[in-house]
file target20.cif (mmCIF, C-alpha atoms)
data_final
loop_
_atom_site.label_atom_id
_atom_site.label_comp_id
_atom_site.auth_asym_id
_atom_site.auth_seq_id
_atom_site.Cartn_x
_atom_site.Cartn_y
_atom_site.Cartn_z
CA MET A 12 143.45 185.64 111.81
CA ALA A 13 142.28 183.60 108.82
CA GLY A 14 141.29 179.98 109.30
CA VAL A 15 143.22 177.02 107.95
CA VAL A 16 141.92 175.12 104.91
CA PHE A 17 142.49 171.36 104.95
CA THR A 18 141.67 169.34 101.85
CA ILE A 19 141.06 165.65 102.57
CA THR A 20 141.80 163.52 99.52
CA SER A 21 143.19 160.20 98.34
CA GLY A 22 142.89 159.63 94.61
CA LYS A 23 141.00 156.37 95.14
CA GLY A 24 137.34 156.13 96.01
CA GLY A 25 136.08 154.12 98.95
CA VAL A 26 139.00 154.63 101.34
CA GLY A 27 137.05 156.76 103.83
CA LYS A 28 137.66 160.40 102.87
CA THR A 29 134.09 161.46 103.62
CA THR A 30 133.94 159.55 106.90
CA THR A 31 137.27 161.11 107.88
CA SER A 32 136.02 164.60 106.96
CA ALA A 33 132.85 164.20 109.05
CA ASN A 34 134.57 162.77 112.10
CA LEU A 35 137.61 165.04 112.04
CA GLY A 36 135.38 168.09 111.65
CA THR A 37 133.27 166.89 114.58
CA ALA A 38 136.35 166.26 116.74
CA LEU A 39 137.80 169.71 116.02
CA ALA A 40 134.48 171.37 116.84
CA MET A 41 134.24 169.37 120.07
CA ALA A 42 137.70 170.74 120.91
CA GLY A 43 136.26 174.25 120.81
CA GLN A 44 137.10 175.20 117.23
CA ARG A 45 134.73 176.83 114.75
CA VAL A 46 134.61 174.39 111.82
CA VAL A 47 133.05 174.33 108.37
CA VAL A 48 133.10 171.05 106.46
CA VAL A 49 132.73 171.53 102.69
CA ASP A 50 131.46 168.80 100.38
CA ALA A 51 133.32 169.27 97.08
CA ASP A 52 131.89 166.16 95.41
CA LEU A 53 129.42 167.89 93.10
CA GLY A 54 126.65 165.62 91.85
CA LEU A 55 127.55 162.80 94.24
CA ARG A 56 127.27 164.36 97.68
CA ASN A 57 127.35 162.05 100.68
CA LEU A 58 128.83 164.14 103.48
CA ASP A 59 125.38 165.41 104.46
CA ILE A 60 124.16 161.84 104.98
CA ILE A 61 127.14 160.81 107.09
CA MET A 62 126.71 163.93 109.24
CA GLY A 63 122.95 163.36 109.47
CA LEU A 64 122.11 166.78 108.00
CA GLU A 65 120.55 165.85 104.65
CA SER A 66 117.00 166.85 105.62
CA ARG A 67 118.05 170.40 106.50
CA ILE A 68 119.74 171.42 103.24
CA VAL A 69 118.17 174.34 101.40
CA TYR A 70 121.08 175.85 99.46
CA ASN A 71 124.49 174.53 98.39
CA VAL A 72 127.93 175.71 97.27
CA VAL A 73 126.81 176.20 93.64
CA ASP A 74 123.95 178.42 94.82
CA VAL A 75 126.53 180.55 96.63
CA ILE A 76 128.82 180.77 93.61
CA GLU A 77 125.93 181.65 91.28
CA GLU A 78 124.73 184.25 93.81
CA ARG A 79 121.33 182.74 94.54
CA CYS A 80 122.06 183.09 98.24
CA PRO A 81 124.73 184.52 100.56
CA LEU A 82 127.28 182.09 101.97
CA HIS A 83 125.96 182.14 105.53
CA GLN A 84 122.52 181.10 104.27
CA ALA A 85 123.90 177.93 102.66
CA LEU A 86 125.66 176.77 105.83
CA VAL A 87 123.89 174.01 107.74
CA ARG A 88 124.57 174.07 111.48
CA ASP A 89 124.99 170.78 113.32
CA LYS A 90 122.84 171.25 116.43
CA ARG A 91 124.68 168.47 118.30
CA VAL A 92 128.02 170.32 118.35
CA ASP A 93 128.62 174.02 118.87
CA GLU A 94 130.32 175.75 115.94
CA LEU A 95 130.15 172.86 113.43
CA TYR A 96 128.72 173.67 110.01
CA LEU A 97 128.31 171.94 106.65
CA LEU A 98 128.50 173.61 103.23
CA PRO A 99 126.83 170.97 101.04
CA ALA A 100 127.55 170.14 97.41
CA SER A 101 124.92 170.33 94.70
CA GLN A 102 123.24 167.04 93.95
CA THR A 103 122.11 168.10 90.46
CA ARG A 104 125.21 169.84 89.07
CA ASP A 105 128.58 168.32 88.18
CA LYS A 106 132.24 169.21 88.81
CA TYR A 107 132.28 171.63 85.86
CA ALA A 108 129.84 173.95 87.66
CA VAL A 109 132.70 175.26 89.82
CA THR A 110 136.18 176.51 88.92
CA PRO A 111 139.27 176.44 91.16
CA GLU A 112 139.19 180.23 91.47
CA GLN A 113 135.53 180.16 92.55
CA MET A 114 136.36 177.55 95.18
CA ARG A 115 139.23 179.75 96.40
CA SER A 116 136.85 182.69 96.65
CA VAL A 117 134.30 180.73 98.71
CA CYS A 118 137.03 179.41 101.02
CA ARG A 119 138.55 182.87 101.52
CA GLU A 120 135.18 183.97 102.85
CA LEU A 121 134.88 180.84 105.00
CA GLN A 122 138.33 181.49 106.46
CA GLN A 123 137.00 184.72 107.94
CA MET A 124 134.21 182.77 109.65
CA ALA A 125 135.96 179.60 110.82
CA ASP A 126 139.13 178.36 112.48
CA TYR A 127 139.20 175.29 110.23
CA VAL A 128 137.70 174.63 106.81
CA LEU A 129 137.76 170.94 105.84
CA ILE A 130 137.16 170.14 102.17
CA ASP A 131 135.99 166.64 101.34
CA SER A 132 137.55 165.97 97.93
CA PRO A 133 135.93 163.72 95.32
CA ALA A 134 137.76 160.62 94.12
CA GLY A 135 140.11 160.87 91.17
CA ILE A 136 142.68 163.43 90.05
CA GLU A 137 140.67 165.45 87.55
CA ASP A 138 138.58 168.65 87.78
CA GLY A 139 136.84 167.84 91.06
CA PHE A 140 140.18 167.10 92.71
CA ARG A 141 141.69 170.33 91.33
CA ASN A 142 138.77 172.34 92.70
CA ALA A 143 139.20 170.76 96.12
CA VAL A 144 142.95 171.35 96.44
CA ALA A 145 142.98 174.87 94.94
CA PRO A 146 142.20 176.68 98.25
CA ALA A 147 144.19 174.30 100.48
CA THR A 148 146.78 175.48 102.94
CA GLU A 149 147.27 171.86 104.05
CA VAL A 150 146.32 168.49 102.54
CA LEU A 151 145.57 165.22 104.29
CA ILE A 152 145.91 161.99 102.32
CA VAL A 153 143.62 159.16 103.44
CA THR A 154 144.59 155.63 102.45
CA THR A 155 143.80 152.09 103.44
CA PRO A 156 146.57 149.46 103.71
CA GLU A 157 145.91 148.11 100.21
CA VAL A 158 148.31 148.14 97.28
CA SER A 159 145.84 149.82 94.90
CA ALA A 160 144.99 152.55 97.43
CA LEU A 161 148.67 153.20 98.09
CA ARG A 162 149.47 153.46 94.40
CA ASP A 163 146.73 156.07 93.95
CA ALA A 164 147.83 157.92 97.09
CA ASP A 165 151.42 157.99 95.81
CA LYS A 166 150.22 159.55 92.55
CA VAL A 167 148.28 162.24 94.42
CA ILE A 168 151.30 163.02 96.60
CA TYR A 169 153.41 163.46 93.47
CA LEU A 170 150.85 165.83 91.90
CA LEU A 171 150.50 167.87 95.09
CA GLU A 172 154.22 168.32 95.48
CA ARG A 173 154.76 169.10 91.79
CA ASP A 174 151.75 171.29 90.96
CA VAL A 175 150.58 172.76 94.26
CA GLY A 176 153.79 172.87 96.30
CA ILE A 177 152.22 171.18 99.30
CA GLU A 178 153.67 168.17 101.10
CA PRO A 179 150.62 166.35 102.51
CA ARG A 180 150.29 164.42 105.74
CA LEU A 181 148.90 160.91 106.00
CA ILE A 182 145.96 159.25 107.72
CA ILE A 183 145.89 155.45 107.53
CA ASN A 184 142.31 154.21 107.65
CA ARG A 185 140.83 150.75 108.39
CA TYR A 186 144.04 149.44 109.90
CA ASN A 187 143.69 145.84 111.12
CA SER A 188 146.59 144.86 113.36
CA ARG A 189 145.45 141.21 113.42
CA LEU A 190 145.88 140.95 109.66
CA VAL A 191 149.20 142.76 109.89
CA ARG A 192 150.45 140.22 112.44
CA ARG A 193 149.42 137.40 110.10
CA GLY A 194 151.25 139.05 107.21
CA ASP A 195 147.99 139.57 105.27
CA MET A 196 148.03 143.39 105.44
CA LEU A 197 150.74 145.99 104.94
CA SER A 198 152.14 147.33 108.20
CA ARG A 199 152.45 150.97 109.18
CA LYS A 200 156.19 150.81 108.40
CA ASP A 201 155.49 149.32 104.95
CA ILE A 202 153.04 152.13 104.17
CA LEU A 203 155.40 154.88 105.32
CA ASP A 204 158.27 153.35 103.34
CA ILE A 205 156.12 153.50 100.20
CA LEU A 206 154.62 156.98 100.63
CA SER A 207 157.43 158.78 102.50
CA ILE A 208 155.25 161.49 104.10
CA ASP A 209 154.52 162.39 107.72
CA LEU A 210 151.95 160.25 109.50
CA LEU A 211 149.22 162.25 111.23
CA GLY A 212 147.13 159.36 112.53
CA ILE A 213 145.84 155.80 112.25
CA VAL A 214 142.18 154.84 112.39
CA PRO A 215 141.63 151.15 113.18
CA GLU A 216 139.10 149.01 111.37
CA ASP A 217 135.88 148.98 113.38
CA ASP A 218 132.29 147.92 112.65
CA SER A 219 130.97 150.93 114.53
CA ILE A 220 132.00 153.15 111.60
CA VAL A 221 129.52 151.37 109.32
CA ILE A 222 126.80 151.65 111.94
CA SER A 223 127.46 155.34 112.62
CA THR A 224 127.51 156.12 108.89
CA ASN A 225 124.12 154.47 108.38
CA GLN A 226 122.72 156.34 111.37
CA GLY A 227 124.03 159.74 110.24
CA ARG A 228 125.86 160.18 113.52
CA PRO A 229 129.67 160.60 113.35
CA VAL A 230 131.34 158.18 115.75
CA ALA A 231 133.48 161.06 117.08
CA LEU A 232 130.37 162.27 118.95
CA ASP A 233 130.79 159.28 121.30
CA ARG A 234 133.95 160.11 123.27
CA GLY A 235 133.80 156.71 124.99
CA ALA A 236 134.16 154.68 121.79
CA TYR A 237 137.62 153.25 121.07
CA ILE A 238 137.64 154.34 117.42
CA SER A 239 136.34 157.80 118.38
CA GLN A 240 139.58 158.43 120.23
CA ALA A 241 141.54 157.97 117.00
CA TYR A 242 139.75 160.95 115.44
CA HIS A 243 140.08 163.07 118.57
CA ASN A 244 143.80 162.28 118.71
CA ILE A 245 144.21 163.42 115.09
CA ALA A 246 142.33 166.62 115.89
CA GLN A 247 144.60 167.27 118.86
CA ARG A 248 147.70 166.81 116.68
CA ILE A 249 146.28 169.30 114.17
CA LEU A 250 145.86 171.73 117.06
CA GLY A 251 149.54 171.31 117.90
CA TYR A 252 149.40 168.95 120.86
CA ASN A 253 151.88 166.10 121.19
CA VAL A 254 149.52 163.13 121.31
CA PRO A 255 151.08 159.66 120.81
CA LEU A 256 149.85 157.39 118.05
CA ILE A 257 147.66 154.42 118.95
CA ARG A 258 149.95 151.48 119.64
CA PHE A 259 149.16 148.27 117.78
CA GLN A 260 150.58 144.85 118.56
CA GLU A 261 151.79 144.11 115.06
CA VAL A 262 153.82 141.03 116.00
CA SER A 263 152.41 138.29 118.24
CA TRP A 264 153.93 137.67 121.67
CA LEU A 265 155.00 134.20 120.55
CA GLU A 266 156.80 135.63 117.54
CA ARG A 267 158.53 138.20 119.75
CA LEU A 268 159.72 135.44 122.09
CA ARG A 269 161.03 133.45 119.14
CA ARG A 270 162.94 136.50 117.87
CA MET A 271 164.40 137.20 121.29
CA ALA A 272 165.56 133.58 121.50
CA GLY A 273 167.05 133.78 118.00
CA LEU A 274 164.77 131.06 116.64
#
call {"tool": "encode", "arguments": {"input": "target20.cif", "output": "structure tokens"}}
result
Amino acid sequence: MAGVVFTITSGKGGVGKTTTSANLGTALAMAGQRVVVVDADLGLRNLDIIMGLESRIVYNVVDVIEERCPLHQALVRDKRVDELYLLPASQTRDKYAVTPEQMRSVCRELQQMADYVLIDSPAGIEDGFRNAVAPATEVLIVTTPEVSALRDADKVIYLLERDVGIEPRLIINRYNSRLVRRGDMLSRKDILDILSIDLLGIVPEDDSIVISTNQGRPVALDRGAYISQAYHNIAQRILGYNVPLIRFQEVSWLERLRRMAGL
């Protein structure tokens, strides 16, 4: 049976697509799945750094497409997790070095090797984005609770539904329930009202993400970390398990008492 291809995108840069790709791929592999994470951001690769695999890259996806090496030779195995691999992007070539059909061809071969192929899409909605979504069987939209990020996510959802025929699912990243309670950040309900797609998971704001990114060690490797559980829960939902969403106290206890008293 062929593996499933997930493209992880957003439209806006800086919302955490690459971090999500690295941690979700790690969580799926830790759940016993064979996973290949593909960096589709040609010329601006970062997934290798976040996964801590940059020193082991020899070949990349463009080398595979231009037949300088077979696909299996370009895959970088993560020695910390069984069955987790990276297919890196080229650092010296740009998005025009690959066509959508070439990306489909590479992913068809990967689907015979892996249970899940996760494609880390570049920012924007131009050629790099089109390459990344071309092979997708499912798409995950990553957004932060910011108006500009939501506007870009809404545009991507429209394009996916119109041009690709895929209704994506949503991951809300860097969610700060304290700011939501103060009214300084959009709530989960606000976001879902705007985007109107299924919610797959919420990743809370946490300083450990910055630390893990700088260390090249996905936080999902640490099962004891609070934020790690968010990624593992998302992975379990992808695998078909009914795992409840993390509950956030979005209204203070004092405000709830006031509402109950009709004040």
call {"tool": "resolve_selection", "arguments": {"input": "target20.cif", "expression": "the PyMOL selection byres ((chain A and resi 27) around 9)", "output": "PyMOL selection string"}}
result
chain A and resi 21+24-26+28-32+153-155+184-185
call {"tool": "resolve_selection", "arguments": {"input": "target20.cif", "expression": "the PyMOL selection byres ((chain A and resi 46) around 9)", "output": "list in words"}}
result
Gly36, Thr37, Leu39, Ala40, Gln44, Arg45, Val47, Val48, Glu94, Leu95, Tyr96, Leu97, Met124, Ala125, Asp126, Tyr127, Val128 and Leu129 of chain A
call {"tool": "closest_residue", "arguments": {"input": "target20.cif", "among": "A:Val167, A:Ala108, A:Ile76, A:Ala100", "to": "Asp59 (chain A)", "atoms": "all atoms listed in the file"}}
result
A:Ala100
call {"tool": "residues_around", "arguments": {"input": "target20.cif", "residues": "His83 (chain A)", "least_positions_apart": "3", "cutoff": "12 Å", "atoms": "all atoms listed in the file", "output": "VMD selection string"}}
result
chain A and resid 47 69 to 72 74 to 75 78 to 80 86 to 88 96 to 98 117 120 to 121 123 to 125
call {"tool": "closest_residue", "arguments": {"input": "target20.cif", "among": "A:Arg119, A:Val214, A:Gln240, A:Ser207", "to": "Tyr186 (chain A)", "atoms": "all atoms listed in the file"}}
result
A:Val214
call {"tool": "atom_distance", "arguments": {"input": "target20.cif", "atom1": "CA of Lys23 (chain A)", "atom2": "CA of Ala164 (chain A)"}}
result
7.3 Å
call {"tool": "atom_distance", "arguments": {"input": "target20.cif", "atom1": "CA of Gly212 (chain A)", "atom2": "CA of Ala241 (chain A)"}}
result
7.3 Å
call {"tool": "residues_around", "arguments": {"input": "target20.cif", "residues": "Ala51 (chain A)", "least_positions_apart": "4", "cutoff": "8 Å", "atoms": "all atoms listed in the file", "output": "PyMOL selection string"}}
result
chain A and resi 56+99-100+130-133+139+142-143
call {"tool": "write_last_selection", "arguments": {"input": "target20.cif", "atoms": "C-alpha atoms", "output": "mmCIF file, in the coordinates of the input"}}
result
data_model
loop_
_atom_site.group_PDB
_atom_site.id
_atom_site.type_symbol
_atom_site.label_atom_id
_atom_site.label_comp_id
_atom_site.auth_asym_id
_atom_site.auth_seq_id
_atom_site.Cartn_x
_atom_site.Cartn_y
_atom_site.Cartn_z
ATOM 1 C CA ARG A 56 127.270 164.360 97.680
ATOM 2 C CA PRO A 99 126.830 170.970 101.040
ATOM 3 C CA ALA A 100 127.550 170.140 97.410
ATOM 4 C CA ILE A 130 137.160 170.140 102.170
ATOM 5 C CA ASP A 131 135.990 166.640 101.340
ATOM 6 C CA SER A 132 137.550 165.970 97.930
ATOM 7 C CA PRO A 133 135.930 163.720 95.320
ATOM 8 C CA GLY A 139 136.840 167.840 91.060
ATOM 9 C CA ASN A 142 138.770 172.340 92.700
ATOM 10 C CA ALA A 143 139.200 170.760 96.120
#
call {"tool": "atom_distance", "arguments": {"input": "target20.cif", "atom1": "CA of Val92 (chain A)", "atom2": "CA of Leu232 (chain A)"}}
result
8.4 Å
call {"tool": "decode", "arguments": {"input": "target20.cif", "residues": "region 139-186 of chain A", "atoms": "N, CA and C atoms", "output": "mmCIF file, in the first residue's frame"}}
result
data_model
loop_
_atom_site.group_PDB
_atom_site.id
_atom_site.type_symbol
_atom_site.label_atom_id
_atom_site.label_comp_id
_atom_site.auth_asym_id
_atom_site.auth_seq_id
_atom_site.Cartn_x
_atom_site.Cartn_y
_atom_site.Cartn_z
ATOM 1 N N GLY A 139 7.263 27.552 -5.827
ATOM 2 C CA GLY A 139 7.672 26.638 -4.764
ATOM 3 C C GLY A 139 6.483 26.005 -4.075
ATOM 4 N N PHE A 140 5.454 26.792 -3.830
ATOM 5 C CA PHE A 140 4.216 26.291 -3.235
ATOM 6 C C PHE A 140 3.556 25.268 -4.162
ATOM 7 N N ARG A 141 3.494 25.576 -5.455
ATOM 8 C CA ARG A 141 2.861 24.658 -6.412
ATOM 9 C C ARG A 141 3.606 23.331 -6.490
ATOM 10 N N ASN A 142 4.932 23.386 -6.434
ATOM 11 C CA ASN A 142 5.720 22.147 -6.402
ATOM 12 C C ASN A 142 5.382 21.312 -5.171
ATOM 13 N N ALA A 143 5.247 21.981 -4.036
ATOM 14 C CA ALA A 143 5.032 21.279 -2.770
ATOM 15 C C ALA A 143 3.656 20.640 -2.678
ATOM 16 N N VAL A 144 2.636 21.272 -3.248
ATOM 17 C CA VAL A 144 1.279 20.722 -3.128
ATOM 18 C C VAL A 144 0.935 19.752 -4.259
ATOM 19 N N ALA A 145 1.737 19.750 -5.331
ATOM 20 C CA ALA A 145 1.417 18.897 -6.485
ATOM 21 C C ALA A 145 1.260 17.418 -6.118
ATOM 22 N N PRO A 146 2.143 16.839 -5.269
ATOM 23 C CA PRO A 146 2.009 15.404 -4.965
ATOM 24 C C PRO A 146 1.069 15.108 -3.800
ATOM 25 N N ALA A 147 0.501 16.115 -3.164
ATOM 26 C CA ALA A 147 -0.177 15.946 -1.877
ATOM 27 C C ALA A 147 -1.452 15.120 -1.988
ATOM 28 N N THR A 148 -1.614 14.204 -1.042
ATOM 29 C CA THR A 148 -2.906 13.562 -0.850
ATOM 30 C C THR A 148 -3.673 14.261 0.270
ATOM 31 N N GLU A 149 -2.931 14.905 1.177
ATOM 32 C CA GLU A 149 -3.540 15.728 2.220
ATOM 33 C C GLU A 149 -2.658 16.952 2.439
ATOM 34 N N VAL A 150 -3.285 18.038 2.923
ATOM 35 C CA VAL A 150 -2.550 19.279 3.194
ATOM 36 C C VAL A 150 -2.868 19.749 4.604
ATOM 37 N N LEU A 151 -1.817 20.152 5.319
ATOM 38 C CA LEU A 151 -1.977 20.742 6.644
ATOM 39 C C LEU A 151 -1.600 22.213 6.563
ATOM 40 N N ILE A 152 -2.497 23.068 7.019
ATOM 41 C CA ILE A 152 -2.241 24.503 7.081
ATOM 42 C C ILE A 152 -1.757 24.842 8.482
ATOM 43 N N VAL A 153 -0.603 25.493 8.570
ATOM 44 C CA VAL A 153 -0.087 25.968 9.854
ATOM 45 C C VAL A 153 -0.300 27.472 9.918
ATOM 46 N N THR A 154 -0.886 27.940 11.018
ATOM 47 C CA THR A 154 -1.057 29.378 11.202
ATOM 48 C C THR A 154 -0.816 29.739 12.660
ATOM 49 N N THR A 155 -0.440 30.966 12.882
ATOM 50 C CA THR A 155 -0.398 31.524 14.232
ATOM 51 C C THR A 155 -1.641 32.390 14.418
ATOM 52 N N PRO A 156 -2.002 32.723 15.648
ATOM 53 C CA PRO A 156 -3.226 33.495 15.895
ATOM 54 C C PRO A 156 -3.046 34.990 15.627
ATOM 55 N N GLU A 157 -2.566 35.307 14.428
ATOM 56 C CA GLU A 157 -2.355 36.697 14.032
ATOM 57 C C GLU A 157 -3.168 36.982 12.777
ATOM 58 N N VAL A 158 -3.676 38.204 12.676
ATOM 59 C CA VAL A 158 -4.551 38.553 11.569
ATOM 60 C C VAL A 158 -3.860 38.360 10.220
ATOM 61 N N SER A 159 -2.598 38.780 10.103
ATOM 62 C CA SER A 159 -1.893 38.651 8.825
ATOM 63 C C SER A 159 -1.685 37.189 8.456
ATOM 64 N N ALA A 160 -1.361 36.341 9.430
ATOM 65 C CA ALA A 160 -1.172 34.917 9.162
ATOM 66 C C ALA A 160 -2.477 34.267 8.741
ATOM 67 N N LEU A 161 -3.571 34.670 9.380
ATOM 68 C CA LEU A 161 -4.874 34.099 9.045
ATOM 69 C C LEU A 161 -5.322 34.519 7.653
ATOM 70 N N ARG A 162 -5.031 35.751 7.283
ATOM 71 C CA ARG A 162 -5.413 36.199 5.940
ATOM 72 C C ARG A 162 -4.672 35.389 4.883
ATOM 73 N N ASP A 163 -3.369 35.156 5.098
ATOM 74 C CA ASP A 163 -2.607 34.361 4.147
ATOM 75 C C ASP A 163 -3.081 32.905 4.133
ATOM 76 N N ALA A 164 -3.387 32.362 5.308
ATOM 77 C CA ALA A 164 -3.884 30.990 5.383
ATOM 78 C C ALA A 164 -5.213 30.858 4.647
ATOM 79 N N ASP A 165 -6.077 31.849 4.790
ATOM 80 C CA ASP A 165 -7.370 31.825 4.113
ATOM 81 C C ASP A 165 -7.197 31.816 2.589
ATOM 82 N N LYS A 166 -6.225 32.569 2.108
ATOM 83 C CA LYS A 166 -5.930 32.591 0.675
ATOM 84 C C LYS A 166 -5.454 31.225 0.190
ATOM 85 N N VAL A 167 -4.584 30.591 0.967
ATOM 86 C CA VAL A 167 -4.067 29.270 0.594
ATOM 87 C C VAL A 167 -5.200 28.242 0.590
ATOM 88 N N ILE A 168 -6.072 28.307 1.575
ATOM 89 C CA ILE A 168 -7.217 27.390 1.621
ATOM 90 C C ILE A 168 -8.073 27.538 0.368
ATOM 91 N N TYR A 169 -8.324 28.774 -0.034
ATOM 92 C CA TYR A 169 -9.101 29.041 -1.242
ATOM 93 C C TYR A 169 -8.430 28.427 -2.473
ATOM 94 N N LEU A 170 -7.114 28.618 -2.614
ATOM 95 C CA LEU A 170 -6.393 28.087 -3.765
ATOM 96 C C LEU A 170 -6.394 26.559 -3.774
ATOM 97 N N LEU A 171 -6.229 25.957 -2.605
ATOM 98 C CA LEU A 171 -6.222 24.499 -2.521
ATOM 99 C C LEU A 171 -7.569 23.912 -2.908
ATOM 100 N N GLU A 172 -8.625 24.511 -2.420
ATOM 101 C CA GLU A 172 -9.956 24.003 -2.729
ATOM 102 C C GLU A 172 -10.308 24.233 -4.195
ATOM 103 N N ARG A 173 -9.885 25.364 -4.747
ATOM 104 C CA ARG A 173 -10.231 25.694 -6.132
ATOM 105 C C ARG A 173 -9.377 24.944 -7.146
ATOM 106 N N ASP A 174 -8.053 24.909 -6.921
ATOM 107 C CA ASP A 174 -7.130 24.408 -7.944
ATOM 108 C C ASP A 174 -6.691 22.964 -7.739
ATOM 109 N N VAL A 175 -6.681 22.510 -6.491
ATOM 110 C CA VAL A 175 -6.161 21.177 -6.200
ATOM 111 C C VAL A 175 -7.275 20.208 -5.794
ATOM 112 N N GLY A 176 -8.383 20.754 -5.321
ATOM 113 C CA GLY A 176 -9.495 19.917 -4.886
ATOM 114 C C GLY A 176 -9.273 19.258 -3.546
ATOM 115 N N ILE A 177 -8.446 19.871 -2.718
ATOM 116 C CA ILE A 177 -8.161 19.341 -1.382
ATOM 117 C C ILE A 177 -8.667 20.321 -0.336
ATOM 118 N N GLU A 178 -9.402 19.811 0.646
ATOM 119 C CA GLU A 178 -9.788 20.628 1.795
ATOM 120 C C GLU A 178 -8.787 20.362 2.915
ATOM 121 N N PRO A 179 -7.945 21.343 3.242
ATOM 122 C CA PRO A 179 -6.872 21.099 4.216
ATOM 123 C C PRO A 179 -7.392 21.042 5.646
ATOM 124 N N ARG A 180 -6.534 20.559 6.523
ATOM 125 C CA ARG A 180 -6.799 20.603 7.960
ATOM 126 C C ARG A 180 -5.831 21.593 8.612
ATOM 127 N N LEU A 181 -6.175 22.020 9.810
ATOM 128 C CA LEU A 181 -5.501 23.161 10.431
ATOM 129 C C LEU A 181 -4.693 22.765 11.660
ATOM 130 N N ILE A 182 -3.489 23.345 11.768
ATOM 131 C CA ILE A 182 -2.709 23.310 12.999
ATOM 132 C C ILE A 182 -2.484 24.751 13.438
ATOM 133 N N ILE A 183 -2.923 25.079 14.639
ATOM 134 C CA ILE A 183 -2.703 26.412 15.205
ATOM 135 C C ILE A 183 -1.408 26.363 16.010
ATOM 136 N N ASN A 184 -0.477 27.226 15.674
ATOM 137 C CA ASN A 184 0.844 27.213 16.304
ATOM 138 C C ASN A 184 1.020 28.464 17.174
ATOM 139 N N ARG A 185 1.865 28.321 18.200
ATOM 140 C CA ARG A 185 2.205 29.424 19.118
ATOM 141 C C ARG A 185 0.962 30.031 19.771
ATOM 142 N N TYR A 186 0.127 29.171 20.275
ATOM 143 C CA TYR A 186 -1.123 29.607 20.907
ATOM 144 C C TYR A 186 -0.851 29.961 22.367
#
